[in-house]
Amino acid sequence: MSFQLTAEQKMVRLMAKDFARKELEPTAAKRDKEEIFPMDVVKKMGELGLLGMMVPVEHGGVGAGAVSYCLALQEIAYSCASTAVTMSVANLSTEPLLKFGNEDQKAKYLFKLSQGELLGCFALTEPGAGSDPGSLSLKAENKGNYYLINGTKTFITHGQYADVVNLITRTSPEKGSKGLSAFIVEKGTPGFSIGTKEDKMGLRASNTVELLFEDCKVPKENLLGKEGLGFKIAMTALDSGRIGIASQALGITRACLDEAIRYAKQRKQFGKAISSFQAIQWMIADMATGIEAASLLTLSAAWRKDNGISFTKEASMAKLFASELANKSAYLAMQIHGGYGYLKDFKVERLYRDARATSIYEGTSEIQRIVIAREILNDQNYG
Ligand code: CAA
């Protein structure tokens with residue numbers, strides 16, 4: 001077992017770090033405050049290959065693999081967690097095409113998504129179907145040459161700016177999770193519009209909207225795989241997505257630790273820097289230890305993905321552990337800052353709000369525990 005990164009992985013991490021510190025860090029607070037979605041930044045990320053990191057070169061990606069992707073995403077999240085979720089969902093949106101798309105679909109969409117010429121989003125959640133997507137109701141009726149789509153998706157990350165949507169629909173009312181199908185839907189298709197833009201607690205520079213479909217005709221060529229595969233396609237995409245959210249949470253946690261250390265070294269109380277007090281040192285030790293553990297879980301899941309080994313359980317473990325850690329670390333970093341941390345002038349205030357989403361989206365912590373427990377209970381190597 002090697003714990004060494006390759007030269008290429010180190011280079012990718014450095015490139016992402018450099019980009020994040022120069023292009024994201026200086027404006028992250030303003031974009032958060034004013035809810036500015038950074039389309040210019042997204043374009044630059046596309047040019048750097050950050051939106052198609054796991055897509056092979058022949059399909060327009062950089063073929064850097066999941067480990068490099070995790071390292072890069074952490075660096076982006078360290079400076080701006082909103083931009084990190086944009087990057088994560090853009091990369092996630094390449095997965096259904098890569099794994100289930102036919103050659104025509106790959107040629108038409110995957111290349112441009114990977115190069116950042118198109119921005120993709122992923123639409124699974126509905127007002128009545130969040131943790132239980134097998135019950136979703138957005139309807140796609142097979143009309144021969146096209147499917148007629150009616151219904152609403154909600155909580156869709158950068159849905160307002162996406163050029164193409166990975167849309168999970170219901171094609172068979174009676175078949176539960178086996179009655180779902182996935183489509184690629186282009187922005188501007190008649191009958192497809194954007195609904196409410198959500199006013200969120202955190203990740204305010206990432207855009208979250210409803211997608212509305214009213215008698216929207218989608219050509220049958222845009223069906224991914226075949227009818228009935230929608231749930232599997234969504235779950236496969238989410239397995240990768242969860243490694244991304246674990247990395248985002250890790251980036252947030254590393255930022256919490258650095259902010260806490262910086263502040264604790266310069267803040268004096270009782271005549272000394274507060275970093276000399278054990279109460280503060282223990283918080284720092286807990287955060288730093290958590291980061292090591294979360295990194296190993298996340299990189300192990302990514303390594304398995306890169307090596308074609310199943311990683312559903314490992315991705316859920318990484319997402320569960322790293323997102324809970326981000327929440328705890330944001331709490332501790334704010335505690336170390338005392339009253340100042342509660343002010344919007346300090347980065348920990350934003351980190352605290354941004355961390356909260358990581359244990360909710362792409363499957364709550366409770367859903368991750370269900371996935372992990374099911375995998376373990378079905379594995380003959382346990383018990
Ligand atoms: N990969 C491939 N197939 C999978 C799979 C996976 N990871 N997980 C399940 N499946 C398959 C199963 O094998 C099963 O197939 P068979 O019937 O052929 O055996 C089928 O899918 C149904 O599986 P389950 O019976 O386990 O399904 P379930 O209804 O009990 O649900 C669940 C399982 C894990 C709870 C799942 O519903 C889940 O992950 N829920 C959370 C959804 C979620 O994460 N939503 C987030 C929205 S997206 C988002 O937040 C993005 C964003 O913008 C940031």
# chains A, B, ... in the order shown; residues from 1 in each chain; ligands from 1
>>> residues_around(residues="region 99-104 of chain A", least_positions_apart="2", cutoff="10 Å", atoms="only C-alpha atoms", output="VMD selection string")
chain A and resid 59 94 to 97 106 to 110 182 to 184 221 to 226 229 233 236 to 237
>>> write_last_selection(atoms="N, CA and C atoms", output="compact mmCIF listing (two decimals), in the first residue's frame")
# COMPACT_ATOMS: atom_id res chain seq x y z
N HIS A 59 -12.69 11.55 -24.68
CA HIS A 59 -14.04 12.15 -24.59
C HIS A 59 -13.98 13.61 -24.15
N THR A 94 -21.10 14.46 -15.68
CA THR A 94 -20.47 13.73 -16.79
C THR A 94 -20.62 12.21 -16.62
N GLU A 95 -20.84 11.78 -15.39
CA GLU A 95 -20.84 10.33 -15.10
C GLU A 95 -21.93 9.54 -15.83
N PRO A 96 -23.20 10.02 -15.80
CA PRO A 96 -24.24 9.24 -16.51
C PRO A 96 -23.93 9.08 -17.99
N LEU A 97 -23.40 10.14 -18.62
CA LEU A 97 -23.08 10.05 -20.05
C LEU A 97 -21.92 9.09 -20.28
N LYS A 106 -22.38 10.81 -26.35
CA LYS A 106 -21.05 11.21 -25.84
C LYS A 106 -20.45 12.28 -26.74
N ALA A 107 -20.56 12.05 -28.06
CA ALA A 107 -19.97 13.01 -29.01
C ALA A 107 -20.66 14.37 -28.90
N LYS A 108 -21.98 14.34 -28.70
CA LYS A 108 -22.74 15.60 -28.69
C LYS A 108 -22.55 16.38 -27.39
N TYR A 109 -22.49 15.66 -26.25
CA TYR A 109 -22.51 16.37 -24.97
C TYR A 109 -21.24 16.21 -24.12
N LEU A 110 -20.73 15.00 -24.07
CA LEU A 110 -19.69 14.72 -23.07
C LEU A 110 -18.42 15.55 -23.30
N ALA A 182 -33.59 7.97 -17.28
CA ALA A 182 -32.77 9.20 -17.28
C ALA A 182 -32.70 9.79 -18.68
N PHE A 183 -32.74 11.11 -18.75
CA PHE A 183 -32.66 11.83 -20.03
C PHE A 183 -31.65 12.96 -19.93
N ILE A 184 -31.13 13.32 -21.10
CA ILE A 184 -30.39 14.58 -21.21
C ILE A 184 -31.36 15.60 -21.78
N GLU A 221 -33.95 10.17 -28.66
CA GLU A 221 -32.48 9.99 -28.72
C GLU A 221 -31.80 10.45 -27.43
N ASN A 222 -32.53 11.24 -26.61
CA ASN A 222 -31.91 11.77 -25.39
C ASN A 222 -32.10 10.88 -24.16
N LEU A 223 -32.73 9.72 -24.37
CA LEU A 223 -32.86 8.74 -23.28
C LEU A 223 -31.47 8.13 -23.04
N LEU A 224 -31.06 8.07 -21.77
CA LEU A 224 -29.76 7.46 -21.44
C LEU A 224 -29.96 5.98 -21.15
N GLY A 225 -29.16 5.15 -21.78
CA GLY A 225 -29.32 3.70 -21.58
C GLY A 225 -30.68 3.30 -22.13
N LYS A 226 -31.48 2.65 -21.25
CA LYS A 226 -32.83 2.29 -21.70
C LYS A 226 -33.82 2.60 -20.58
N LEU A 229 -33.70 2.24 -16.32
CA LEU A 229 -32.35 2.30 -15.73
C LEU A 229 -32.11 3.57 -14.89
N ILE A 233 -28.77 4.65 -12.72
CA ILE A 233 -27.93 5.73 -13.24
C ILE A 233 -27.74 6.80 -12.16
N THR A 236 -25.46 5.45 -9.34
CA THR A 236 -24.07 5.37 -9.80
C THR A 236 -23.43 6.76 -9.79
N ALA A 237 -24.20 7.75 -10.27
CA ALA A 237 -23.68 9.12 -10.28
C ALA A 237 -23.46 9.62 -8.85
>>> residues_near_ligand(ligand="ligand 1", cutoff="7 Å", atoms="only C-alpha atoms and all ligand atoms", output="list in words")
Val85, Val89, Phe122, Ala123, Leu124, Thr125, Gly130, Ser131, Asp132, Pro133, Gly134, Phe155, Ile156, Thr157, Ser177, Phe231, Lys232, Met235, Thr236, Leu238, Asp239, Thr312, Tyr361, Glu362, Gly363, Thr364, Ile367, Ile370 and Val371 of chain A
>>> closest_residue(among="A:Glu366, A:Asp32, A:Asp354, A:Glu23", to="Gly202 (chain A)", atoms="only C-alpha atoms")
A:Asp354
>>> atom_distance(atom1="CA of Arg254 (chain A)", atom2="CA of Ile372 (chain A)")
25.3 Å
>>> select_by_dssp(residues="region 122-322 of chain A", states="alpha helix (DSSP H)", output="ChimeraX atom specification")
/A:230-266,278-306,312-322
>>> closest_residue(among="A:Gln281, A:Ser240, A:Asn142, A:Leu212", to="Glu227 (chain A)", atoms="only C-alpha atoms")
A:Asn142
>>> select_by_dssp(residues="region 78-256 of chain A", states="strand (DSSP E or B)", output="ChimeraX atom specification")
/A:120-123,126,129,139-142,146-157,164-170,180-186,192-197,208-219,223-224
>>> closest_residue(among="A:Gly230, A:Gly244, A:Gly191, A:Pro173", to="Ala66 (chain A)", atoms="only C-alpha atoms")
A:Gly244
>>> residues_around(residues="region 187-190 of chain A", least_positions_apart="2", cutoff="7 Å", atoms="only C-alpha atoms", output="ChimeraX atom specification")
/A:163-164,185,192,216
>>> decode(residues="region 9-25 of chain A", atoms="N, CA, C and O atoms", output="PDB file, in the first residue's frame")
ATOM      1  N   GLN A   9      -0.500  13.785  -9.592  1.00  0.00           N
ATOM      2  CA  GLN A   9      -1.503  14.158  -8.577  1.00  0.00           C
ATOM      3  C   GLN A   9      -1.056  15.400  -7.801  1.00  0.00           C
ATOM      4  O   GLN A   9      -1.857  16.301  -7.513  1.00  0.00           O
ATOM      5  N   LYS A  10       0.237  15.451  -7.488  1.00  0.00           N
ATOM      6  CA  LYS A  10       0.763  16.637  -6.773  1.00  0.00           C
ATOM      7  C   LYS A  10       0.629  17.885  -7.645  1.00  0.00           C
ATOM      8  O   LYS A  10       0.313  18.968  -7.158  1.00  0.00           O
ATOM      9  N   MET A  11       0.870  17.706  -8.936  1.00  0.00           N
ATOM     10  CA  MET A  11       0.800  18.837  -9.862  1.00  0.00           C
ATOM     11  C   MET A  11      -0.638  19.362  -9.982  1.00  0.00           C
ATOM     12  O   MET A  11      -0.884  20.566  -9.949  1.00  0.00           O
ATOM     13  N   VAL A  12      -1.581  18.435 -10.075  1.00  0.00           N
ATOM     14  CA  VAL A  12      -3.000  18.831 -10.172  1.00  0.00           C
ATOM     15  C   VAL A  12      -3.404  19.598  -8.909  1.00  0.00           C
ATOM     16  O   VAL A  12      -4.062  20.637  -8.971  1.00  0.00           O
ATOM     17  N   ARG A  13      -2.985  19.080  -7.756  1.00  0.00           N
ATOM     18  CA  ARG A  13      -3.336  19.742  -6.484  1.00  0.00           C
ATOM     19  C   ARG A  13      -2.767  21.163  -6.432  1.00  0.00           C
ATOM     20  O   ARG A  13      -3.454  22.106  -6.051  1.00  0.00           O
ATOM     21  N   LEU A  14      -1.530  21.289  -6.881  1.00  0.00           N
ATOM     22  CA  LEU A  14      -0.865  22.602  -6.871  1.00  0.00           C
ATOM     23  C   LEU A  14      -1.551  23.584  -7.818  1.00  0.00           C
ATOM     24  O   LEU A  14      -1.770  24.757  -7.479  1.00  0.00           O
ATOM     25  N   MET A  15      -1.917  23.073  -8.979  1.00  0.00           N
ATOM     26  CA  MET A  15      -2.603  23.922  -9.974  1.00  0.00           C
ATOM     27  C   MET A  15      -3.937  24.418  -9.390  1.00  0.00           C
ATOM     28  O   MET A  15      -4.271  25.609  -9.462  1.00  0.00           O
ATOM     29  N   ALA A  16      -4.698  23.507  -8.766  1.00  0.00           N
ATOM     30  CA  ALA A  16      -6.001  23.891  -8.203  1.00  0.00           C
ATOM     31  C   ALA A  16      -5.827  24.857  -7.034  1.00  0.00           C
ATOM     32  O   ALA A  16      -6.593  25.820  -6.881  1.00  0.00           O
ATOM     33  N   LYS A  17      -4.779  24.612  -6.245  1.00  0.00           N
ATOM     34  CA  LYS A  17      -4.513  25.488  -5.091  1.00  0.00           C
ATOM     35  C   LYS A  17      -4.187  26.912  -5.567  1.00  0.00           C
ATOM     36  O   LYS A  17      -4.734  27.897  -5.066  1.00  0.00           O
ATOM     37  N   ASP A  18      -3.336  26.970  -6.545  1.00  0.00           N
ATOM     38  CA  ASP A  18      -2.925  28.263  -7.093  1.00  0.00           C
ATOM     39  C   ASP A  18      -4.140  29.023  -7.652  1.00  0.00           C
ATOM     40  O   ASP A  18      -4.346  30.203  -7.378  1.00  0.00           O
ATOM     41  N   PHE A  19      -4.952  28.299  -8.413  1.00  0.00           N
ATOM     42  CA  PHE A  19      -6.153  28.900  -8.996  1.00  0.00           C
ATOM     43  C   PHE A  19      -7.099  29.391  -7.887  1.00  0.00           C
ATOM     44  O   PHE A  19      -7.606  30.522  -7.920  1.00  0.00           O
ATOM     45  N   ALA A  20      -7.313  28.532  -6.890  1.00  0.00           N
ATOM     46  CA  ALA A  20      -8.281  28.872  -5.828  1.00  0.00           C
ATOM     47  C   ALA A  20      -7.827  30.078  -5.010  1.00  0.00           C
ATOM     48  O   ALA A  20      -8.630  30.968  -4.704  1.00  0.00           O
ATOM     49  N   ARG A  21      -6.538  30.101  -4.665  1.00  0.00           N
ATOM     50  CA  ARG A  21      -6.065  31.209  -3.814  1.00  0.00           C
ATOM     51  C   ARG A  21      -6.074  32.536  -4.588  1.00  0.00           C
ATOM     52  O   ARG A  21      -6.355  33.577  -4.027  1.00  0.00           O
ATOM     53  N   LYS A  22      -5.786  32.461  -5.903  1.00  0.00           N
ATOM     54  CA  LYS A  22      -5.740  33.700  -6.687  1.00  0.00           C
ATOM     55  C   LYS A  22      -7.116  34.140  -7.166  1.00  0.00           C
ATOM     56  O   LYS A  22      -7.461  35.313  -7.128  1.00  0.00           O
ATOM     57  N   GLU A  23      -7.902  33.187  -7.657  1.00  0.00           N
ATOM     58  CA  GLU A  23      -9.148  33.550  -8.344  1.00  0.00           C
ATOM     59  C   GLU A  23     -10.384  33.493  -7.443  1.00  0.00           C
ATOM     60  O   GLU A  23     -11.379  34.132  -7.748  1.00  0.00           O
ATOM     61  N   LEU A  24     -10.331  32.680  -6.390  1.00  0.00           N
ATOM     62  CA  LEU A  24     -11.550  32.486  -5.583  1.00  0.00           C
ATOM     63  C   LEU A  24     -11.484  33.185  -4.230  1.00  0.00           C
ATOM     64  O   LEU A  24     -12.424  33.868  -3.825  1.00  0.00           O
ATOM     65  N   GLU A  25     -10.365  32.984  -3.545  1.00  0.00           N
ATOM     66  CA  GLU A  25     -10.250  33.473  -2.156  1.00  0.00           C
ATOM     67  C   GLU A  25     -10.570  34.983  -2.039  1.00  0.00           C
ATOM     68  O   GLU A  25     -11.353  35.373  -1.167  1.00  0.00           O
TER      69      GLU A  25
END
